[in-house]
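Colleague: The file below is start33.tsv, TSV, N, CA and C atoms:
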chain	number	residue	atom	x	y	z
M	1	MET	N	183.10	134.99	-58.71
M	1	MET	CA	182.17	135.91	-58.07
M	1	MET	C	182.41	135.86	-56.57
M	2	LYS	N	182.74	136.99	-56.01
M	2	LYS	CA	182.94	137.10	-54.56
M	2	LYS	C	181.60	137.38	-53.91
M	3	LYS	N	181.17	136.51	-53.01
M	3	LYS	CA	179.89	136.67	-52.30
M	3	LYS	C	180.16	136.99	-50.84
M	4	LEU	N	179.60	138.10	-50.37
M	4	LEU	CA	179.75	138.44	-48.95
M	4	LEU	C	178.60	137.88	-48.13
M	5	GLY	N	177.57	137.39	-48.79
M	5	GLY	CA	176.42	136.86	-48.07
M	5	GLY	C	175.55	137.97	-47.53
M	6	VAL	N	174.68	137.62	-46.58
M	6	VAL	CA	173.72	138.58	-46.03
M	6	VAL	C	174.46	139.60	-45.19
M	7	VAL	N	174.29	140.89	-45.53
M	7	VAL	CA	174.96	141.96	-44.80
M	7	VAL	C	173.97	142.87	-44.08
M	8	VAL	N	172.69	142.84	-44.48
M	8	VAL	CA	171.66	143.67	-43.85
M	8	VAL	C	170.38	142.86	-43.73
M	9	THR	N	169.71	142.95	-42.58
M	9	THR	CA	168.41	142.34	-42.37
M	9	THR	C	167.48	143.39	-41.78
M	10	ASP	N	166.27	143.50	-42.35
M	10	ASP	CA	165.30	144.49	-41.87
M	10	ASP	C	163.89	143.97	-42.12
M	11	ARG	N	163.10	143.85	-41.06
M	11	ARG	CA	161.70	143.45	-41.15
M	11	ARG	C	161.50	142.20	-42.02
M	12	GLY	N	162.39	141.26	-41.85
M	12	GLY	CA	162.28	140.00	-42.56
M	12	GLY	C	163.01	139.96	-43.89
M	13	SER	N	163.25	141.11	-44.50
M	13	SER	CA	164.00	141.15	-45.76
M	13	SER	C	165.49	141.00	-45.47
M	14	LYS	N	166.17	140.31	-46.36
M	14	LYS	CA	167.61	140.12	-46.24
M	14	LYS	C	168.28	140.64	-47.51
M	15	PHE	N	169.41	141.31	-47.32
M	15	PHE	CA	170.18	141.86	-48.43
M	15	PHE	C	171.57	141.26	-48.39
M	16	ALA	N	172.02	140.77	-49.56
M	16	ALA	CA	173.38	140.24	-49.70
M	16	ALA	C	174.06	141.01	-50.82
M	17	VAL	N	175.38	140.94	-50.86
M	17	VAL	CA	176.11	141.63	-51.92
M	17	VAL	C	177.20	140.71	-52.47
M	18	SER	N	177.38	140.81	-53.79
M	18	SER	CA	178.38	140.01	-54.50
M	18	SER	C	179.00	140.88	-55.57
M	19	GLY	N	180.12	140.44	-56.12
M	19	GLY	CA	180.73	141.20	-57.19
M	19	GLY	C	181.90	140.48	-57.83
M	20	CYS	N	182.31	141.00	-58.98
M	20	CYS	CA	183.45	140.45	-59.70
M	20	CYS	C	183.86	141.41	-60.81
M	21	SER	N	185.00	141.15	-61.38
M	21	SER	CA	185.47	141.93	-62.52
M	21	SER	C	184.60	141.60	-63.74
M	22	ALA	N	184.27	142.63	-64.53
M	22	ALA	CA	183.49	142.43	-65.76
M	22	ALA	C	183.80	143.59	-66.69
M	23	THR	N	184.25	143.28	-67.89
M	23	THR	CA	184.65	144.32	-68.84
M	23	THR	C	183.72	144.42	-70.05
M	24	SER	N	182.66	143.60	-70.08
M	24	SER	CA	181.72	143.62	-71.20
M	24	SER	C	180.36	143.09	-70.76
M	25	ARG	N	179.36	143.34	-71.58
M	25	ARG	CA	178.02	142.82	-71.28
M	25	ARG	C	178.02	141.30	-71.25
M	26	VAL	N	178.82	140.69	-72.10
M	26	VAL	CA	178.92	139.22	-72.13
M	26	VAL	C	179.44	138.70	-70.79
M	27	GLU	N	180.46	139.37	-70.25
M	27	GLU	CA	181.01	138.95	-68.94
M	27	GLU	C	180.01	139.20	-67.81
M	28	VAL	N	179.24	140.30	-67.91
M	28	VAL	CA	178.20	140.58	-66.91
M	28	VAL	C	177.17	139.46	-66.92
M	29	ASP	N	176.68	139.12	-68.12
M	29	ASP	CA	175.67	138.06	-68.23
M	29	ASP	C	176.19	136.73	-67.72
M	30	ALA	N	177.45	136.42	-68.00
M	30	ALA	CA	178.04	135.16	-67.53
M	30	ALA	C	178.14	135.16	-66.00
M	31	ALA	N	178.54	136.29	-65.41
M	31	ALA	CA	178.66	136.38	-63.96
M	31	ALA	C	177.30	136.24	-63.28
M	32	LEU	N	176.27	136.88	-63.86
M	32	LEU	CA	174.92	136.77	-63.29
M	32	LEU	C	174.41	135.34	-63.39
M	33	LYS	N	174.70	134.69	-64.50
M	33	LYS	CA	174.30	133.28	-64.67
M	33	LYS	C	174.99	132.41	-63.64
M	34	ASP	N	176.27	132.69	-63.41
M	34	ASP	CA	177.04	131.94	-62.41
M	34	ASP	C	176.46	132.14	-61.01
M	35	LEU	N	176.13	133.39	-60.67
M	35	LEU	CA	175.54	133.69	-59.36
M	35	LEU	C	174.25	132.92	-59.16
M	36	LYS	N	173.42	132.88	-60.21
M	36	LYS	CA	172.11	132.24	-60.10
M	36	LYS	C	172.17	130.71	-60.17
M	37	ARG	N	173.36	130.17	-60.38
M	37	ARG	CA	173.52	128.71	-60.27
M	37	ARG	C	173.32	128.27	-58.82
M	38	ASP	N	173.59	129.19	-57.91
M	38	ASP	CA	173.32	128.97	-56.49
M	38	ASP	C	171.81	129.16	-56.31
M	39	LYS	N	171.11	128.10	-55.95
M	39	LYS	CA	169.64	128.15	-55.87
M	39	LYS	C	169.15	129.24	-54.94
M	40	LYS	N	169.90	129.51	-53.89
M	40	LYS	CA	169.51	130.56	-52.94
M	40	LYS	C	169.40	131.91	-53.67
M	41	TYR	N	170.35	132.20	-54.53
M	41	TYR	CA	170.33	133.47	-55.27
M	41	TYR	C	169.33	133.43	-56.42
M	42	ALA	N	169.16	132.28	-57.03
M	42	ALA	CA	168.20	132.15	-58.12
M	42	ALA	C	166.77	132.38	-57.63
M	43	LYS	N	166.49	132.02	-56.37
M	43	LYS	CA	165.14	132.17	-55.82
M	43	LYS	C	164.92	133.52	-55.15
M	44	ALA	N	165.93	134.39	-55.16
M	44	ALA	CA	165.80	135.71	-54.53
M	44	ALA	C	164.73	136.53	-55.23
M	45	THR	N	164.13	137.44	-54.49
M	45	THR	CA	163.11	138.32	-55.05
M	45	THR	C	163.72	139.29	-56.05
M	46	HIS	N	164.88	139.85	-55.73
M	46	HIS	CA	165.55	140.83	-56.59
M	46	HIS	C	167.05	140.57	-56.61
M	47	ASN	N	167.65	140.64	-57.81
M	47	ASN	CA	169.09	140.68	-57.99
M	47	ASN	C	169.39	141.98	-58.73
M	48	ILE	N	169.70	143.02	-57.98
M	48	ILE	CA	169.91	144.36	-58.52
M	48	ILE	C	171.41	144.49	-58.82
M	49	TRP	N	171.76	145.00	-59.99
M	49	TRP	CA	173.18	145.07	-60.31
M	49	TRP	C	173.52	146.31	-61.13
M	50	ALA	N	174.83	146.63	-61.13
M	50	ALA	CA	175.35	147.72	-61.94
M	50	ALA	C	176.84	147.51	-62.18
M	51	VAL	N	177.31	148.10	-63.28
M	51	VAL	CA	178.73	148.06	-63.64
M	51	VAL	C	179.02	149.30	-64.48
M	52	LEU	N	180.22	149.86	-64.32
M	52	LEU	CA	180.66	150.97	-65.16
M	52	LEU	C	181.63	150.42	-66.18
M	53	LEU	N	181.19	150.31	-67.43
M	53	LEU	CA	182.04	149.83	-68.51
M	53	LEU	C	182.64	151.01	-69.26
M	54	SER	N	183.59	150.75	-70.13
M	54	SER	CA	184.24	151.82	-70.87
M	54	SER	C	183.26	152.59	-71.75
M	55	ASN	N	182.19	151.94	-72.20
M	55	ASN	CA	181.19	152.60	-73.05
M	55	ASN	C	179.99	153.11	-72.25
M	56	GLY	N	180.11	153.16	-70.92
M	56	GLY	CA	179.05	153.70	-70.08
M	56	GLY	C	178.53	152.70	-69.07
M	57	PRO	N	177.63	153.16	-68.19
M	57	PRO	CA	177.10	152.27	-67.15
M	57	PRO	C	176.02	151.33	-67.68
M	58	LEU	N	175.96	150.16	-67.08
M	58	LEU	CA	174.86	149.21	-67.30
M	58	LEU	C	174.27	148.94	-65.93
M	59	LYS	N	172.95	148.75	-65.87
M	59	LYS	CA	172.32	148.47	-64.59
M	59	LYS	C	171.02	147.74	-64.81
M	60	ALA	N	170.54	147.09	-63.76
M	60	ALA	CA	169.22	146.45	-63.78
M	60	ALA	C	168.63	146.53	-62.38
M	61	ASP	N	167.38	146.98	-62.31
M	61	ASP	CA	166.69	147.11	-61.03
M	61	ASP	C	166.04	145.80	-60.59
M	62	ASP	N	165.76	144.92	-61.53
M	62	ASP	CA	165.11	143.63	-61.25
M	62	ASP	C	163.87	143.80	-60.36
M	63	GLY	N	163.04	144.80	-60.70
M	63	GLY	CA	161.80	145.01	-59.98
M	63	GLY	C	161.90	145.94	-58.77
M	64	GLU	N	163.10	146.35	-58.44
M	64	GLU	CA	163.33	147.26	-57.30
M	64	GLU	C	163.64	148.64	-57.89
M	65	SER	N	162.61	149.29	-58.40
M	65	SER	CA	162.72	150.51	-59.20
M	65	SER	C	163.67	151.55	-58.61
M	66	GLY	N	164.67	151.95	-59.40
M	66	GLY	CA	165.63	152.98	-58.99
M	66	GLY	C	166.85	152.47	-58.27
M	67	ALA	N	166.85	151.22	-57.86
M	67	ALA	CA	167.96	150.70	-57.04
M	67	ALA	C	169.25	150.52	-57.85
M	68	GLY	N	169.13	150.19	-59.14
M	68	GLY	CA	170.33	150.04	-59.97
M	68	GLY	C	171.11	151.34	-60.06
M	69	MET	N	170.39	152.45	-60.14
M	69	MET	CA	171.05	153.76	-60.23
M	69	MET	C	171.78	154.10	-58.94
M	70	VAL	N	171.28	153.63	-57.81
M	70	VAL	CA	171.97	153.83	-56.53
M	70	VAL	C	173.36	153.19	-56.61
M	71	ILE	N	173.43	151.98	-57.15
M	71	ILE	CA	174.71	151.29	-57.28
M	71	ILE	C	175.62	152.02	-58.27
M	72	VAL	N	175.05	152.48	-59.40
M	72	VAL	CA	175.84	153.22	-60.40
M	72	VAL	C	176.50	154.43	-59.74
M	73	ARG	N	175.73	155.21	-59.01
M	73	ARG	CA	176.28	156.41	-58.36
M	73	ARG	C	177.39	156.08	-57.39
M	74	MET	N	177.23	155.00	-56.65
M	74	MET	CA	178.28	154.61	-55.69
M	74	MET	C	179.55	154.15	-56.40
M	75	LEU	N	179.39	153.43	-57.51
M	75	LEU	CA	180.55	152.99	-58.30
M	75	LEU	C	181.27	154.20	-58.89
M	76	GLU	N	180.49	155.19	-59.35
M	76	GLU	CA	181.10	156.42	-59.89
M	76	GLU	C	181.90	157.15	-58.82
M	77	ARG	N	181.33	157.29	-57.63
M	77	ARG	CA	182.03	157.98	-56.53
M	77	ARG	C	183.31	157.24	-56.15
M	78	ALA	N	183.25	155.92	-56.18
M	78	ALA	CA	184.42	155.10	-55.83
M	78	ALA	C	185.40	154.99	-57.00
M	79	GLU	N	185.00	155.49	-58.16
M	79	GLU	CA	185.79	155.39	-59.39
M	79	GLU	C	186.17	153.93	-59.69
M	80	LEU	N	185.21	153.05	-59.48
M	80	LEU	CA	185.41	151.63	-59.71
M	80	LEU	C	184.81	151.25	-61.06
M	81	ARG	N	185.67	150.98	-62.01
M	81	ARG	CA	185.24	150.65	-63.37
M	81	ARG	C	185.48	149.16	-63.64
M	82	ASP	N	184.70	148.64	-64.57
M	82	ASP	CA	184.85	147.24	-65.00
M	82	ASP	C	184.72	146.27	-63.82
M	83	HIS	N	183.77	146.57	-62.93
M	83	HIS	CA	183.52	145.69	-61.78
M	83	HIS	C	182.02	145.63	-61.53
M	84	LEU	N	181.47	144.45	-61.64
M	84	LEU	CA	180.04	144.22	-61.43
M	84	LEU	C	179.76	144.09	-59.94
M	85	VAL	N	178.73	144.82	-59.46
M	85	VAL	CA	178.28	144.69	-58.08
M	85	VAL	C	176.80	144.31	-58.11
M	86	VAL	N	176.45	143.25	-57.39
M	86	VAL	CA	175.07	142.74	-57.34
M	86	VAL	C	174.59	142.78	-55.90
M	87	VAL	N	173.44	143.42	-55.68
M	87	VAL	CA	172.79	143.40	-54.37
M	87	VAL	C	171.56	142.52	-54.51
M	88	THR	N	171.50	141.48	-53.70
M	88	THR	CA	170.40	140.52	-53.75
M	88	THR	C	169.48	140.77	-52.56
M	89	ARG	N	168.16	140.77	-52.84
M	89	ARG	CA	167.19	140.95	-51.76
M	89	ARG	C	166.21	139.79	-51.76
M	90	TRP	N	166.02	139.24	-50.57
M	90	TRP	CA	164.96	138.27	-50.33
M	90	TRP	C	163.88	139.01	-49.57
M	91	TYR	N	162.71	139.17	-50.17
M	91	TYR	CA	161.62	139.94	-49.59
M	91	TYR	C	161.08	139.23	-48.35
M	92	GLY	N	160.92	140.01	-47.27
M	92	GLY	CA	160.50	139.43	-46.00
M	92	GLY	C	159.04	139.59	-45.66
M	93	GLY	N	158.22	140.12	-46.60
M	93	GLY	CA	156.79	140.21	-46.35
M	93	GLY	C	156.30	141.59	-45.94
M	94	LYS	N	157.23	142.49	-45.64
M	94	LYS	CA	156.83	143.85	-45.26
M	94	LYS	C	157.54	144.85	-46.17
M	95	HIS	N	156.79	145.86	-46.64
M	95	HIS	CA	157.38	146.89	-47.48
M	95	HIS	C	158.31	147.76	-46.65
M	96	LEU	N	159.46	148.09	-47.22
M	96	LEU	CA	160.47	148.88	-46.52
M	96	LEU	C	160.47	150.34	-46.93
M	97	GLY	N	159.71	150.69	-47.96
M	97	GLY	CA	159.69	152.07	-48.43
M	97	GLY	C	161.08	152.51	-48.85
M	98	GLY	N	161.43	153.74	-48.54
M	98	GLY	CA	162.73	154.29	-48.91
M	98	GLY	C	163.90	153.64	-48.20
M	99	ASP	N	163.63	152.92	-47.10
M	99	ASP	CA	164.72	152.25	-46.39
M	99	ASP	C	165.44	151.25	-47.28
M	100	ARG	N	164.75	150.71	-48.27
M	100	ARG	CA	165.39	149.71	-49.13
M	100	ARG	C	166.58	150.29	-49.88
M	101	PHE	N	166.51	151.59	-50.23
M	101	PHE	CA	167.64	152.22	-50.91
M	101	PHE	C	168.83	152.38	-49.96
M	102	ARG	N	168.54	152.69	-48.70
M	102	ARG	CA	169.61	152.79	-47.71
M	102	ARG	C	170.29	151.44	-47.53
M	103	HIS	N	169.49	150.37	-47.55
M	103	HIS	CA	170.06	149.03	-47.39
M	103	HIS	C	170.90	148.63	-48.60
M	104	VAL	N	170.48	149.03	-49.79
M	104	VAL	CA	171.29	148.79	-50.99
M	104	VAL	C	172.62	149.52	-50.84
M	105	GLN	N	172.58	150.78	-50.41
M	105	GLN	CA	173.80	151.56	-50.19
M	105	GLN	C	174.70	150.90	-49.16
M	106	ASP	N	174.12	150.45	-48.06
M	106	ASP	CA	174.91	149.79	-47.00
M	106	ASP	C	175.59	148.53	-47.53
M	107	ALA	N	174.86	147.76	-48.34
M	107	ALA	CA	175.43	146.53	-48.89
M	107	ALA	C	176.59	146.85	-49.83
M	108	VAL	N	176.41	147.82	-50.71
M	108	VAL	CA	177.48	148.20	-51.64
M	108	VAL	C	178.68	148.74	-50.86
M	109	ARG	N	178.42	149.56	-49.84
M	109	ARG	CA	179.51	150.11	-49.02
M	109	ARG	C	180.30	148.98	-48.37
M	110	ASP	N	179.62	147.96	-47.84
M	110	ASP	CA	180.31	146.81	-47.25
M	110	ASP	C	181.20	146.14	-48.28
M	111	TYR	N	180.68	145.98	-49.50
M	111	TYR	CA	181.45	145.33	-50.56
M	111	TYR	C	182.70	146.16	-50.89
M	112	LEU	N	182.51	147.46	-51.08
M	112	LEU	CA	183.63	148.34	-51.44
M	112	LEU	C	184.68	148.36	-50.33
M	113	ASP	N	184.22	148.33	-49.08
M	113	ASP	CA	185.16	148.33	-47.95
M	113	ASP	C	186.01	147.07	-47.90
M	114	GLN	N	185.50	145.97	-48.44
M	114	GLN	CA	186.22	144.69	-48.36
M	114	GLN	C	187.05	144.40	-49.61
M	115	MET	N	187.08	145.34	-50.53
M	115	MET	CA	187.88	145.14	-51.75
M	115	MET	C	189.36	145.34	-51.48
Translate this file's structure into C-alpha coordinates.

Modeller:
Amino acid sequence: MKKLGVVVTDRGSKFAVSGCSATSRVEVDAALKDLKRDKKYAKATHNIWAVLLSNGPLKADDGESGAGMVIVRMLERAELRDHLVVVTRWYGGKHLGGDRFRHVQDAVRDYLDQM
(Lines of atoms letter the chains of each structure in order from A and count residues from 1; the text may use other names and numbers.)
(Lines give C-alpha, C1' and ligand atoms only; values in the text may rest on other atoms or scores of the structure.)
Protein backbone atom coordinates (compact mmCIF):
# COMPACT_ATOMS: atom_id res chain seq x y z
CA MET A 1 0.00 0.00 0.00
CA LYS A 2 1.48 3.30 -1.10
CA LYS A 3 0.71 6.03 1.46
CA LEU A 4 1.16 9.68 0.54
CA GLY A 5 0.22 10.85 4.02
CA VAL A 6 -1.64 14.08 4.74
CA VAL A 7 -2.15 16.05 1.53
CA VAL A 8 -4.92 18.49 2.57
CA THR A 9 -5.68 20.26 5.87
CA ASP A 10 -8.78 22.41 6.43
CA ARG A 11 -10.29 23.71 9.68
CA GLY A 12 -8.59 21.02 11.70
CA SER A 13 -9.57 18.12 9.43
CA LYS A 14 -6.76 16.26 7.71
CA PHE A 15 -7.02 14.22 4.52
CA ALA A 16 -4.53 11.56 3.45
CA VAL A 17 -4.50 9.32 0.39
CA SER A 18 -3.24 5.77 -0.15
CA GLY A 19 -3.57 3.15 -2.85
CA CYS A 20 -2.47 -0.13 -4.33
CA SER A 21 -3.25 -2.66 -7.02
CA ALA A 22 -6.38 -4.75 -6.32
CA THR A 23 -8.12 -7.10 -8.75
CA SER A 24 -10.80 -8.58 -6.47
CA ARG A 25 -12.89 -7.86 -3.39
CA VAL A 26 -10.63 -10.21 -1.42
CA GLU A 27 -7.58 -8.12 -2.37
CA VAL A 28 -9.47 -4.90 -1.51
CA ASP A 29 -10.36 -6.25 1.94
CA ALA A 30 -6.78 -7.40 2.53
CA ALA A 31 -5.39 -3.98 1.52
CA LEU A 32 -7.83 -2.15 3.81
CA LYS A 33 -6.92 -4.48 6.68
CA ASP A 34 -3.24 -3.79 6.01
CA LEU A 35 -3.83 -0.02 5.99
CA LYS A 36 -5.68 -0.19 9.30
CA ARG A 37 -2.79 -2.07 10.93
CA ASP A 38 -1.32 1.42 11.19
CA LYS A 39 -3.06 2.74 14.33
CA LYS A 40 -3.15 6.25 12.88
CA TYR A 41 -5.33 5.04 10.00
CA ALA A 42 -7.36 2.66 12.17
CA LYS A 43 -8.37 5.60 14.41
CA ALA A 44 -9.33 7.85 11.47
CA THR A 45 -12.89 9.16 11.33
CA HIS A 46 -13.38 8.01 7.71
CA ASN A 47 -11.54 5.68 5.31
CA ILE A 48 -13.32 6.33 2.01
CA TRP A 49 -12.35 4.06 -0.87
CA ALA A 50 -13.14 2.97 -4.41
CA VAL A 51 -11.84 0.60 -7.08
CA LEU A 52 -12.89 -0.22 -10.64
CA LEU A 53 -12.86 -4.01 -11.01
CA SER A 54 -13.60 -5.99 -14.16
CA ASN A 55 -17.12 -6.73 -12.86
CA GLY A 56 -17.83 -3.07 -11.98
CA PRO A 57 -16.97 -0.45 -9.37
CA LEU A 58 -16.81 -1.05 -5.62
CA LYS A 59 -16.85 1.81 -3.14
CA ALA A 60 -17.44 2.68 0.50
CA ASP A 61 -18.24 6.09 1.95
CA ASP A 62 -17.44 5.07 5.55
CA GLY A 63 -19.88 7.68 6.88
CA GLU A 64 -18.87 10.42 4.42
CA SER A 65 -22.01 10.13 2.28
CA GLY A 66 -21.35 10.37 -1.47
CA ALA A 67 -17.57 10.57 -1.20
CA GLY A 68 -16.94 7.04 -2.56
CA MET A 69 -18.69 7.98 -5.80
CA VAL A 70 -16.38 11.00 -6.16
CA ILE A 71 -13.43 8.58 -6.21
CA VAL A 72 -15.22 6.22 -8.64
CA ARG A 73 -15.79 9.07 -11.11
CA MET A 74 -12.16 10.17 -10.91
CA LEU A 75 -10.91 6.60 -11.48
CA GLU A 76 -13.23 6.31 -14.49
CA ARG A 77 -11.93 9.57 -15.98
CA ALA A 78 -8.34 8.43 -15.42
CA GLU A 79 -9.23 4.99 -16.86
CA LEU A 80 -7.50 3.42 -13.86
CA ARG A 81 -8.77 -0.11 -13.33
CA ASP A 82 -7.85 -2.70 -10.71
CA HIS A 83 -6.37 -0.05 -8.41
CA LEU A 84 -7.73 0.74 -4.96
CA VAL A 85 -7.63 4.38 -3.83
CA VAL A 86 -8.36 5.26 -0.17
CA VAL A 87 -8.89 8.78 1.13
CA THR A 88 -8.59 8.97 4.91
CA ARG A 89 -10.09 11.83 6.92
CA TRP A 90 -9.41 12.75 10.51
CA TYR A 91 -12.28 15.01 11.60
CA GLY A 92 -11.07 18.30 13.03
CA GLY A 93 -14.20 19.38 14.92
CA LYS A 94 -15.74 21.68 12.32
CA HIS A 95 -18.13 20.69 9.52
CA LEU A 96 -16.71 21.36 6.06
CA GLY A 97 -19.95 21.09 4.09
CA GLY A 98 -19.37 20.60 0.36
CA ASP A 99 -15.68 21.47 0.74
CA ARG A 100 -15.06 17.93 1.93
CA PHE A 101 -15.79 16.62 -1.59
CA ARG A 102 -13.29 19.08 -3.06
CA HIS A 103 -10.70 17.83 -0.58
CA VAL A 104 -11.40 14.20 -1.53
CA GLN A 105 -10.90 15.19 -5.19
CA ASP A 106 -7.67 17.03 -4.37
CA ALA A 107 -6.34 14.00 -2.48
CA VAL A 108 -7.17 11.59 -5.32
CA ARG A 109 -5.66 14.01 -7.87
CA ASP A 110 -2.42 14.12 -5.84
CA TYR A 111 -2.34 10.32 -5.80
CA LEU A 112 -2.99 10.02 -9.55
CA ASP A 113 -0.32 12.64 -10.29
CA GLN A 114 2.28 10.61 -8.35
CA MET A 115 1.57 7.31 -10.09

Colleague: Which residues are near Gly92 (chain M)? Cut-off 8 Å, only N, CA and C atoms, ignore same chain within fewer than 6 positions. Put them as a list in words.

Modeller: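 Near neighbours after the sequence-gap exclusion: Asp10, Arg11, Gly12, Ser13 and Lys14 of chain M.
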
Colleague: Using only C-alpha atoms, collect all residues at a distance of at most 9 Å from (171.0, 142.9, -52.7) as written in the file, then present them as a PyMOL selection string.

Modeller: chain M and resi 6-8+14-18+46-49+86-90+103-104+107-108

Colleague: Write out as a list in words the set of residues from region 58-106 of chain M that DSSP, computed on the backbone, places in strand (DSSP E or B).

Modeller: Leu58, Lys59, Ala60, His83, Leu84, Val85, Val86, Val87, Thr88, Arg89 and Trp90 of chain M

Colleague: Restricting the calculation to only C-alpha atoms, which member of M:Arg77, M:Phe101, M:Ala31, M:Lys39 is positioned closest to Ser65 (chain M)?

Modeller: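 Among the listed residues, the smallest separation from Ser65 (chain M) belongs to M:Phe101.
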
Colleague: To one decimal in Å, tell me the separation between atom N of Tyr111 (chain M) and atom C of Ala22 (chain M).

Modeller: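 Distance reported for this atom pair: 17.6 Å.
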